[in-house]
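*Asks:* Structure: entry_15.txt, compact mmCIF, C-alpha atoms and all ligand atoms.
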```txt
# COMPACT_ATOMS: atom_id res chain seq x y z
CA MET C 1 -16.53 -16.36 16.73
CA LEU C 2 -16.16 -12.99 15.05
CA THR C 3 -18.71 -11.61 12.66
CA PHE C 4 -17.96 -8.89 10.18
CA SER C 5 -20.73 -6.36 9.83
CA ARG C 6 -21.23 -4.72 6.45
CA GLN C 7 -23.67 -2.31 8.14
CA GLU C 8 -20.99 -0.99 10.44
CA PRO C 9 -18.00 -0.98 8.13
CA GLY C 10 -14.53 -0.79 9.50
CA ARG C 11 -15.76 -1.81 12.93
CA ARG C 12 -16.20 -5.48 13.60
CA LYS C 13 -19.10 -6.45 15.78
CA GLN C 14 -18.09 -8.48 18.75
CA THR C 15 -20.17 -11.57 19.37
CA GLY C 16 -17.68 -13.35 21.60
CA ASN C 17 -14.33 -12.65 23.18
CA GLU C 18 -12.20 -15.14 21.31
CA GLY C 19 -9.14 -13.59 19.71
CA ILE C 20 -10.07 -10.09 20.81
CA ILE C 21 -7.91 -7.90 23.02
CA MET C 22 -9.56 -4.82 24.45
CA THR C 23 -7.24 -1.88 25.04
CA SER C 24 -8.13 1.58 26.30
CA GLU C 25 -7.86 3.03 22.78
CA SER C 26 -8.74 0.25 20.41
CA ILE C 27 -9.97 -3.25 19.86
CA VAL C 28 -7.35 -5.44 18.19
CA HIS C 29 -8.86 -8.29 16.20
CA PHE C 30 -6.36 -9.64 13.77
CA HIS C 31 -4.13 -12.23 15.40
CA ARG C 32 -4.40 -15.10 12.95
CA MET C 33 -5.40 -15.64 9.33
CA LYS C 34 -8.64 -17.14 10.68
CA ASP C 35 -9.59 -13.67 11.91
CA MET C 36 -9.49 -12.19 8.39
CA PRO C 37 -12.74 -11.50 6.49
CA SER C 38 -13.62 -14.49 4.34
CA SER C 39 -15.24 -12.51 1.52
CA HIS C 40 -14.31 -9.34 -0.32
CA LEU C 41 -16.24 -6.07 -0.27
CA LEU C 42 -14.84 -4.77 -3.57
CA GLY C 43 -16.84 -6.18 -6.47
CA THR C 44 -15.32 -8.77 -8.77
CA GLY C 45 -14.71 -8.66 -12.52
CA THR C 46 -12.58 -5.52 -12.52
CA PRO C 47 -10.39 -4.72 -15.52
CA MET C 48 -7.17 -4.94 -13.46
CA CYS C 49 -4.60 -7.44 -14.78
CA ALA C 50 -4.67 -10.98 -13.39
CA GLY C 51 -2.37 -11.17 -10.38
CA CYS C 52 -2.33 -7.40 -9.75
CA GLY C 53 -0.62 -6.86 -6.38
CA GLY C 54 -2.16 -3.40 -6.03
CA LEU C 55 -5.65 -4.86 -6.33
CA GLU C 56 -4.77 -7.49 -3.69
CA THR C 57 -3.84 -4.69 -1.27
CA LEU C 58 -6.98 -2.71 -2.06
CA HIS C 59 -9.17 -5.79 -1.48
CA ASN C 60 -7.60 -6.45 1.92
CA MET C 61 -7.74 -2.84 2.99
CA TYR C 62 -11.33 -2.21 1.85
CA ASP C 63 -12.55 -5.33 3.66
CA ILE C 64 -11.39 -3.80 6.93
CA LEU C 65 -12.27 -0.15 6.26
CA GLY C 66 -15.76 -1.07 5.14
CA GLU C 67 -18.18 0.54 2.76
CA LYS C 68 -18.36 3.93 4.44
CA THR C 69 -15.26 4.95 2.54
CA VAL C 70 -14.81 7.59 -0.16
CA PHE C 71 -11.88 6.81 -2.43
CA VAL C 72 -10.20 9.77 -4.09
CA ASN C 73 -8.30 8.21 -6.95
CA ALA C 74 -5.58 9.92 -8.99
CA ALA C 75 -5.16 8.86 -12.63
CA GLY C 76 -3.46 5.47 -12.88
CA CYS C 77 -4.34 1.78 -13.24
CA MET C 78 -6.93 1.87 -10.45
CA THR C 79 -8.99 4.56 -12.18
CA LEU C 80 -10.10 1.78 -14.51
CA LEU C 81 -11.99 0.22 -11.59
CA SER C 82 -14.91 2.61 -11.91
CA VAL C 83 -16.02 3.03 -15.51
CA TYR C 84 -19.47 4.59 -15.75
CA PRO C 85 -22.05 3.15 -15.23
CA PHE C 86 -20.23 0.31 -13.44
CA THR C 87 -18.31 0.46 -10.16
CA PRO C 88 -16.99 -2.26 -7.84
CA PHE C 89 -17.05 0.17 -4.88
CA ARG C 90 -19.88 0.11 -2.31
CA GLY C 91 -19.29 3.67 -1.12
CA GLY C 92 -18.01 6.77 -2.89
CA TRP C 93 -15.30 7.20 -5.53
CA LEU C 94 -13.89 10.36 -7.05
CA TYR C 95 -11.43 10.68 -9.93
CA THR C 96 -8.76 13.39 -9.84
CA ALA C 97 -5.77 14.47 -11.90
CA MET C 98 -2.47 12.83 -10.98
CA ALA C 99 -1.16 15.61 -8.76
CA SER C 100 -4.42 16.55 -7.07
CA ALA C 101 -5.78 13.62 -5.08
CA PRO C 102 -4.87 15.08 -1.63
CA ALA C 103 -6.53 18.37 -2.65
CA GLY C 104 -9.61 16.40 -3.74
CA ALA C 105 -9.58 14.61 -0.38
CA GLN C 106 -9.49 17.98 1.39
CA GLY C 107 -12.63 19.07 -0.48
CA VAL C 108 -14.52 15.87 0.34
CA ARG C 109 -13.45 15.97 4.01
CA ASP C 110 -14.39 19.66 4.32
CA ALA C 111 -17.80 19.07 2.74
CA MET C 112 -18.57 16.23 5.14
CA ASP C 113 -17.31 18.18 8.15
CA ILE C 114 -19.57 21.12 7.28
CA LEU C 115 -22.56 18.80 6.86
CA LEU C 116 -21.73 17.14 10.19
CA GLN C 117 -21.50 20.53 11.88
CA LYS C 118 -24.86 21.57 10.44
CA LYS C 119 -26.30 18.21 11.50
CA LYS C 120 -27.20 17.46 7.89
CA LEU C 121 -25.02 14.35 8.07
CA SER C 122 -25.26 11.99 11.01
CA THR C 123 -22.07 10.63 12.59
CA GLU C 124 -23.17 7.13 11.52
CA ASP C 125 -23.17 8.28 7.90
CA ASN C 126 -19.77 9.91 8.15
CA MET C 127 -17.21 8.37 5.79
CA GLU C 128 -13.46 7.84 5.85
CA VAL C 129 -11.66 9.67 3.02
CA VAL C 130 -8.99 7.53 1.35
CA VAL C 131 -6.63 8.74 -1.35
CA ILE C 132 -5.47 5.99 -3.67
CA THR C 133 -2.66 6.60 -6.14
CA GLY C 134 0.17 4.82 -7.85
CA ASP C 135 3.81 5.61 -7.18
CA GLY C 136 3.99 8.02 -10.14
CA SER C 137 1.66 10.31 -8.20
CA ALA C 138 2.84 9.51 -4.68
CA TYR C 139 6.61 9.67 -5.24
CA GLY C 140 6.51 12.37 -7.90
CA MET C 141 3.66 14.37 -9.38
CA GLY C 142 1.47 14.48 -6.24
CA LEU C 143 4.21 14.76 -3.62
CA SER C 144 3.87 18.49 -3.07
CA ALA C 145 0.06 18.28 -2.67
CA THR C 146 0.59 15.39 -0.22
CA SER C 147 3.16 17.36 1.76
CA ALA C 148 0.74 20.29 1.98
CA ALA C 149 -2.10 18.00 3.12
CA MET C 150 0.11 16.62 5.90
CA ASP C 151 1.09 20.18 6.89
CA ARG C 152 -2.62 21.00 7.19
CA ASN C 153 -3.09 17.85 9.28
CA LEU C 154 -5.84 16.68 6.92
CA ASN C 155 -7.85 13.85 8.40
CA PHE C 156 -7.41 11.23 5.67
CA ILE C 157 -5.79 7.95 4.71
CA TYR C 158 -3.40 7.76 1.75
CA LEU C 159 -2.70 4.45 0.01
CA CYS C 160 0.09 4.38 -2.54
CA TYR C 161 0.13 1.09 -4.43
CA ASP C 162 3.72 1.04 -5.55
CA ASN C 163 4.24 -0.93 -8.75
CA GLU C 164 7.54 0.87 -9.20
CA GLY C 165 6.68 2.63 -12.45
CA TYR C 166 4.01 4.49 -14.42
CA GLY C 167 2.05 1.27 -14.97
CA ASN C 168 -1.05 2.50 -16.73
CA THR C 169 0.92 4.15 -19.52
CA GLY C 170 3.35 1.26 -20.11
CA GLN C 171 5.72 1.12 -17.11
CA GLN C 172 7.94 4.12 -17.65
CA TYR C 173 10.39 4.60 -14.76
CA SER C 174 9.25 6.62 -11.75
CA ALA C 175 11.04 7.82 -8.62
CA ALA C 176 10.02 4.46 -7.08
CA THR C 177 11.77 2.31 -9.70
CA PRO C 178 14.46 0.10 -8.13
CA HIS C 179 18.05 0.11 -9.27
CA ALA C 180 18.73 -2.07 -12.35
CA ALA C 181 15.08 -2.70 -13.27
CA ILE C 182 14.28 -2.61 -16.99
CA THR C 183 11.39 -0.25 -17.70
CA SER C 184 10.02 1.02 -21.00
CA THR C 185 12.24 4.08 -20.54
CA SER C 186 15.26 2.25 -19.01
CA LYS C 187 16.09 -0.33 -21.63
CA GLY C 188 19.90 -0.25 -21.54
CA SER C 189 21.89 -3.35 -20.65
CA HIS C 190 22.01 -2.30 -16.96
CA GLY C 191 18.41 -1.14 -16.56
CA TYR C 192 17.43 1.86 -14.45
CA PRO C 193 20.59 3.57 -13.16
CA GLY C 194 18.91 5.47 -10.28
CA PHE C 195 17.79 4.27 -6.85
CA LYS C 196 14.31 4.06 -5.35
CA LYS C 197 13.29 7.16 -3.42
CA ASP C 198 12.73 6.65 0.32
CA LEU C 199 9.13 7.89 0.47
CA PHE C 200 8.54 6.35 3.90
CA SER C 201 11.21 8.63 5.42
CA ILE C 202 10.02 11.67 3.45
CA TRP C 203 6.47 11.17 4.69
CA ALA C 204 7.60 10.37 8.26
CA ALA C 205 9.66 13.59 8.31
CA HIS C 206 6.34 15.47 8.16
CA ARG C 207 5.43 13.81 11.48
CA PRO C 208 1.90 12.74 10.44
CA ALA C 209 -0.23 10.53 12.67
CA TYR C 210 0.89 7.32 10.98
CA VAL C 211 3.05 5.98 8.16
CA ALA C 212 3.43 2.30 7.29
CA THR C 213 4.68 0.01 4.58
CA ILE C 214 2.45 -2.93 3.73
CA ILE C 215 2.04 -5.62 1.08
CA GLY C 216 -1.00 -7.65 0.01
CA ALA C 217 0.98 -10.89 0.34
CA GLU C 218 1.25 -10.30 4.13
CA PRO C 219 -2.46 -9.74 4.85
CA LEU C 220 -2.24 -10.10 8.63
CA ASP C 221 0.43 -7.43 8.98
CA LEU C 222 -1.66 -5.24 6.64
CA ALA C 223 -4.88 -5.84 8.61
CA LYS C 224 -3.27 -4.96 11.93
CA LYS C 225 -1.99 -1.70 10.49
CA ILE C 226 -5.38 -0.74 9.04
CA GLU C 227 -7.07 -1.45 12.34
CA LYS C 228 -4.48 0.61 14.13
CA LEU C 229 -4.85 3.64 11.88
CA GLN C 230 -8.62 3.50 12.30
CA THR C 231 -8.10 4.48 15.94
CA MET C 232 -6.28 7.64 14.83
CA THR C 233 -7.14 10.89 13.10
CA GLY C 234 -5.00 13.10 10.89
CA PRO C 235 -2.85 11.99 7.96
CA ARG C 236 -2.39 8.23 7.90
CA MET C 237 -0.06 7.17 5.12
CA LEU C 238 0.45 3.72 3.58
CA ILE C 239 2.85 2.52 0.92
CA SER C 240 2.11 -0.94 -0.42
CA LEU C 241 4.61 -2.69 -2.65
CA ALA C 242 2.41 -3.85 -5.55
CA PRO C 243 3.86 -6.74 -7.56
CA CYS C 244 2.83 -6.08 -11.15
CA PRO C 245 2.98 -9.04 -13.58
CA THR C 246 2.56 -6.74 -16.58
CA GLY C 247 5.19 -4.16 -15.69
CA TRP C 248 7.62 -6.50 -13.89
CA ASP C 249 7.30 -9.23 -16.50
CA TYR C 250 6.42 -12.44 -14.68
CA ASP C 251 3.64 -15.04 -14.64
CA PRO C 252 0.62 -13.66 -12.68
CA LYS C 253 0.50 -16.85 -10.58
CA LEU C 254 3.78 -15.73 -8.92
CA SER C 255 2.42 -12.49 -7.44
CA VAL C 256 2.01 -13.77 -3.88
CA GLU C 257 5.34 -15.61 -3.94
CA ILE C 258 7.14 -12.50 -5.22
CA GLY C 259 5.39 -10.38 -2.58
CA ARG C 260 6.47 -12.74 0.20
CA LEU C 261 10.01 -12.88 -1.16
CA ALA C 262 10.15 -9.08 -1.10
CA VAL C 263 9.67 -9.31 2.67
CA GLN C 264 11.79 -12.44 3.23
CA THR C 265 14.77 -11.01 1.33
CA GLY C 266 14.44 -7.70 3.19
CA ILE C 267 14.11 -5.60 0.03
CA TRP C 268 10.66 -4.46 1.24
CA PRO C 269 10.86 -3.84 4.99
CA LEU C 270 7.51 -3.88 6.78
CA LYS C 271 7.50 -1.01 9.26
CA GLU C 272 5.45 1.73 10.79
CA TYR C 273 5.97 5.23 12.13
CA SER C 274 3.96 6.95 14.83
CA ASP C 275 4.73 9.32 17.70
CA GLY C 276 8.21 10.00 16.35
CA LYS C 277 9.21 6.31 16.47
CA ILE C 278 9.81 3.76 13.72
CA LYS C 279 9.10 0.10 14.39
CA HIS C 280 9.75 -2.86 12.09
CA THR C 281 6.70 -5.08 12.22
CA LYS C 282 8.21 -8.17 10.58
CA ILE C 283 11.93 -8.76 10.80
CA PRO C 284 13.02 -11.68 8.58
CA LYS C 285 14.88 -14.09 10.89
CA GLN C 286 17.14 -15.36 8.20
CA ARG C 287 17.01 -13.12 5.16
CA LYS C 288 16.93 -14.94 1.84
CA PRO C 289 19.37 -13.75 -0.83
CA VAL C 290 17.83 -10.96 -2.92
CA GLU C 291 18.47 -12.90 -6.11
CA ASP C 292 15.62 -15.27 -5.11
CA TYR C 293 13.33 -12.25 -5.58
CA LEU C 294 15.08 -10.75 -8.61
CA LYS C 295 15.36 -13.88 -10.72
CA LEU C 296 11.59 -14.45 -10.87
CA GLN C 297 11.09 -11.14 -12.69
CA GLY C 298 11.80 -10.43 -16.36
CA ARG C 299 12.75 -6.84 -15.54
CA PHE C 300 15.90 -8.18 -13.83
CA LYS C 301 16.63 -10.95 -16.34
CA HIS C 302 19.76 -9.16 -17.60
CA LEU C 303 21.33 -9.75 -14.16
CA PHE C 304 21.25 -13.51 -14.79
CA GLU C 305 21.38 -13.96 -18.59
CA PRO C 306 23.28 -14.43 -20.85
CA GLN C 307 25.73 -14.49 -17.93
CA ARG C 308 25.41 -13.57 -14.27
CA ASP C 309 26.21 -9.97 -13.42
CA GLU C 310 27.89 -10.76 -10.09
CA ALA C 311 28.79 -7.14 -9.39
CA GLY C 312 25.24 -5.93 -10.18
CA ILE C 313 23.60 -8.53 -7.91
CA ALA C 314 26.17 -7.92 -5.15
CA GLU C 315 25.50 -4.17 -5.25
CA ILE C 316 21.76 -4.66 -4.70
CA GLN C 317 22.43 -7.20 -1.92
CA ALA C 318 24.93 -4.87 -0.22
CA ARG C 319 22.39 -2.05 -0.01
CA ILE C 320 19.83 -4.35 1.62
CA ASP C 321 22.45 -5.71 4.06
CA ALA C 322 23.49 -2.15 4.97
CA TYR C 323 19.85 -1.21 5.64
CA TRP C 324 19.30 -4.15 7.99
CA THR C 325 22.64 -3.62 9.73
CA ARG C 326 21.47 -0.09 10.53
CA VAL C 327 18.08 -1.38 11.72
CA MET C 328 19.56 -4.09 13.94
CA ALA C 329 22.08 -1.64 15.39
C1 LIG C 401 -0.44 15.34 -15.42
C2 LIG C 401 -0.62 14.04 -16.11
N1 LIG C 401 0.39 13.53 -16.83
C3 LIG C 401 0.24 12.34 -17.44
C4 LIG C 401 -0.94 11.67 -17.36
C5 LIG C 401 -1.11 10.35 -18.11
N2 LIG C 401 -1.17 9.26 -17.17
C6 LIG C 401 -2.34 8.67 -16.84
S1 LIG C 401 -2.14 7.38 -15.82
C7 LIG C 401 -0.46 7.59 -15.82
C8 LIG C 401 0.41 6.65 -15.05
C9 LIG C 401 0.32 6.87 -13.58
O1 LIG C 401 1.33 6.16 -12.93
P1 LIG C 401 1.19 5.78 -11.39
O2 LIG C 401 0.80 6.96 -10.60
O3 LIG C 401 2.43 5.10 -10.98
O4 LIG C 401 -0.03 4.77 -11.34
P2 LIG C 401 -0.17 3.38 -12.12
O5 LIG C 401 -0.47 3.72 -13.54
O6 LIG C 401 1.13 2.66 -11.98
O7 LIG C 401 -1.30 2.71 -11.47
C10 LIG C 401 -0.09 8.67 -16.61
C11 LIG C 401 1.31 9.11 -16.83
C12 LIG C 401 -1.98 12.24 -16.63
N3 LIG C 401 -3.16 11.64 -16.48
N4 LIG C 401 -1.79 13.43 -16.00
S1 LIG C 402 -0.28 -2.82 -14.94
FE1 LIG C 402 0.35 -3.66 -12.96
S2 LIG C 402 -0.53 -2.29 -11.38
FE2 LIG C 402 -1.59 -1.89 -13.35
S3 LIG C 402 -3.42 -3.23 -13.25
FE3 LIG C 402 -1.80 -4.36 -14.34
S4 LIG C 402 -0.79 -5.58 -12.72
FE4 LIG C 402 -1.98 -3.95 -11.69
```
Mind turning this structure into structure tokens?

*Replies:*
Amino acid sequence: MLTFSRQEPGRRKQTGNEGIIMTSESIVHFHRMKDMPSSHLLGTGTPMCAGCGGLETLHNMYDILGEKTVFVNAAGCMTLLSVYPFTPFRGGWLYTAMASAPAGAQGVRDAMDILLQKKKLSTEDNMEVVVITGDGSAYGMGLSATSAAMDRNLNFIYLCYDNEGYGNTGQQYSAATPHAAITSTSKGSHGYPGFKKDLFSIWAAHRPAYVATIIGAEPLDLAKKIEKLQTMTGPRMLISLAPCPTGWDYDPKLSVEIGRLAVQTGIWPLKEYSDGKIKHTKIPKQRKPVEDYLKLQGRFKHLFEPQRDEAGIAEIQARIDAYWTRVMA
């Protein structure tokens, strides 16, 4: 049996050997859903929308990182989590402007490193610094600060919850918005004309310690990646697709189904980068057609009603097929 210690966050105490593989560098715990924490560390009753996929990712990630975590949070939906005097976080939380979260993380990391050096902070009280931003910051406004933080080899984790638009201000399009999605600033009959920026490749080109894509609806894949990055130092970058009932226009009860379909249709590949190599961590055996994913979301309704836009659907499918053909080759 495994027990999860809140006193020693991010490190599970071992009370037996079941399900645990010891390696020279790390202890791998998460083999089955049974190994996942059964309760959440982040407090309940937050003002996030029902069914928020970003919150689902944050819950899963925080459970594994533990309470010795300082979140540095750029303006966006998640900044509503901590509204003075209430906070659902057990550790630290700092609010920054949209473009400045990596700079804020540098300040927090430096302060703790100085205290550690002066022995005013014990190693047990050291905390992991985690930037949390939406895609508006990660793909756009904060990208240059993030690039600079990776260049400086800042020892931090970055979570981008990617709801594919500026969610907090009404889902304007961002550089993460997918082709054809209707947003509050892409209302034409064909939706957003651009294509989603490949942030994974941009981040990986900096050669940081780790880059991965995750999704809350695949918690085991997510957990394994968080455990892996805990054995590393330096910039460790995560992009989580964050199904967003409010911005994507669907019933909140469909969030997990839409998240799983994103992986099963191949539109959201789960992968990781480290040591110059990219590995796909979940390859859908038989990819479902992308329309299974699109048709559940109001933002793509114009592809199906009043009549099917065969060319529009085929174009999206062709891009996914081309991606996986390259991967399999
Ligand atoms: C420089 C700047 N411009 C605009 C805003 C207003 N603003 C606050 S939250 C937000 C949306 C952020 O979008 P994203 O980063 O995708 O996070 P999400 O809201 O989707 O969680 C905007 C535009 C701001 N805070 N700072
Ligand atoms: S708008 Fe979307 S990302 Fe923001 S809290 Fe609501 S569901 Fe979550």

*Asks:* Please return as a PyMOL selection string the residues found within 9 Å of ligand LIG 402 (chain C), counting all atoms listed in the file.

*Replies:* chain C and resi 47-55+76-78+80+134+161-171+242-248+252

*Asks:* Find, counting only C-alpha atoms and all ligand atoms, the residue in C:Ala75, C:Leu254, C:Ala262, C:Leu229 that gets nearest to ligand LIG 401 (chain C).

*Replies:*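 Distance minimum relative to ligand LIG 401 (chain C) lands on C:Ala75.
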
*Asks:* Pick from C:Gln117, C:Ser189, C:Thr133, C:Asn126: nearest to Ala99 of chain C, with only C-alpha atoms counted?

*Replies:*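 Under the stated criterion, the closest residue is C:Thr133.
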
*Asks:* Which one of C:Met33, C:Leu154, C:Met61, C:Cys160 sits closest to ligand LIG 401 (chain C) if you count all atoms listed in the file?

*Replies:* C:Cys160

*Asks:* Which residue out of C:Leu121, C:Ala212, C:Ala145, C:Met127 has the minimum interatomic distance to Tyr273 of chain C when all atoms listed in the file are used?

*Replies:*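 Residue with the minimum atom-to-atom distance to Tyr273 of chain C: C:Ala212.
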
*Asks:* When distances are computed from only C-alpha atoms, which of C:Ala175, C:Ala217, C:Leu296, C:Met232 shows the smallest separation from Val263 of chain C?

*Replies:* C:Ala217

*Asks:* Can you tell me, as a list in words, what residues are no more than 9 Å from Pro193 of chain C when counting only C-alpha atoms, ignoring any on the same chain fewer than 2 positions away?

*Replies:*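 After dropping sequence-adjacent residues, the list is Pro178, His179, Ala180, Ala181, Ser186, His190, Gly191 and Phe195 of chain C.
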
*Asks:* Store the residues picked out above in a file with C-alpha atoms, as a PDB file, keeping the file's coordinate frame.

*Replies:*
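Okay, this is what ended up in out_25.pdb:
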```pdb
ATOM      1  CA  PRO C 178      14.460   0.100  -8.130  1.00  0.00           C
ATOM      2  CA  HIS C 179      18.050   0.110  -9.270  1.00  0.00           C
ATOM      3  CA  ALA C 180      18.730  -2.070 -12.350  1.00  0.00           C
ATOM      4  CA  ALA C 181      15.080  -2.700 -13.270  1.00  0.00           C
ATOM      5  CA  SER C 186      15.260   2.250 -19.010  1.00  0.00           C
ATOM      6  CA  HIS C 190      22.010  -2.300 -16.960  1.00  0.00           C
ATOM      7  CA  GLY C 191      18.410  -1.140 -16.560  1.00  0.00           C
ATOM      8  CA  PHE C 195      17.790   4.270  -6.850  1.00  0.00           C
TER       9      PHE C 195
END
```
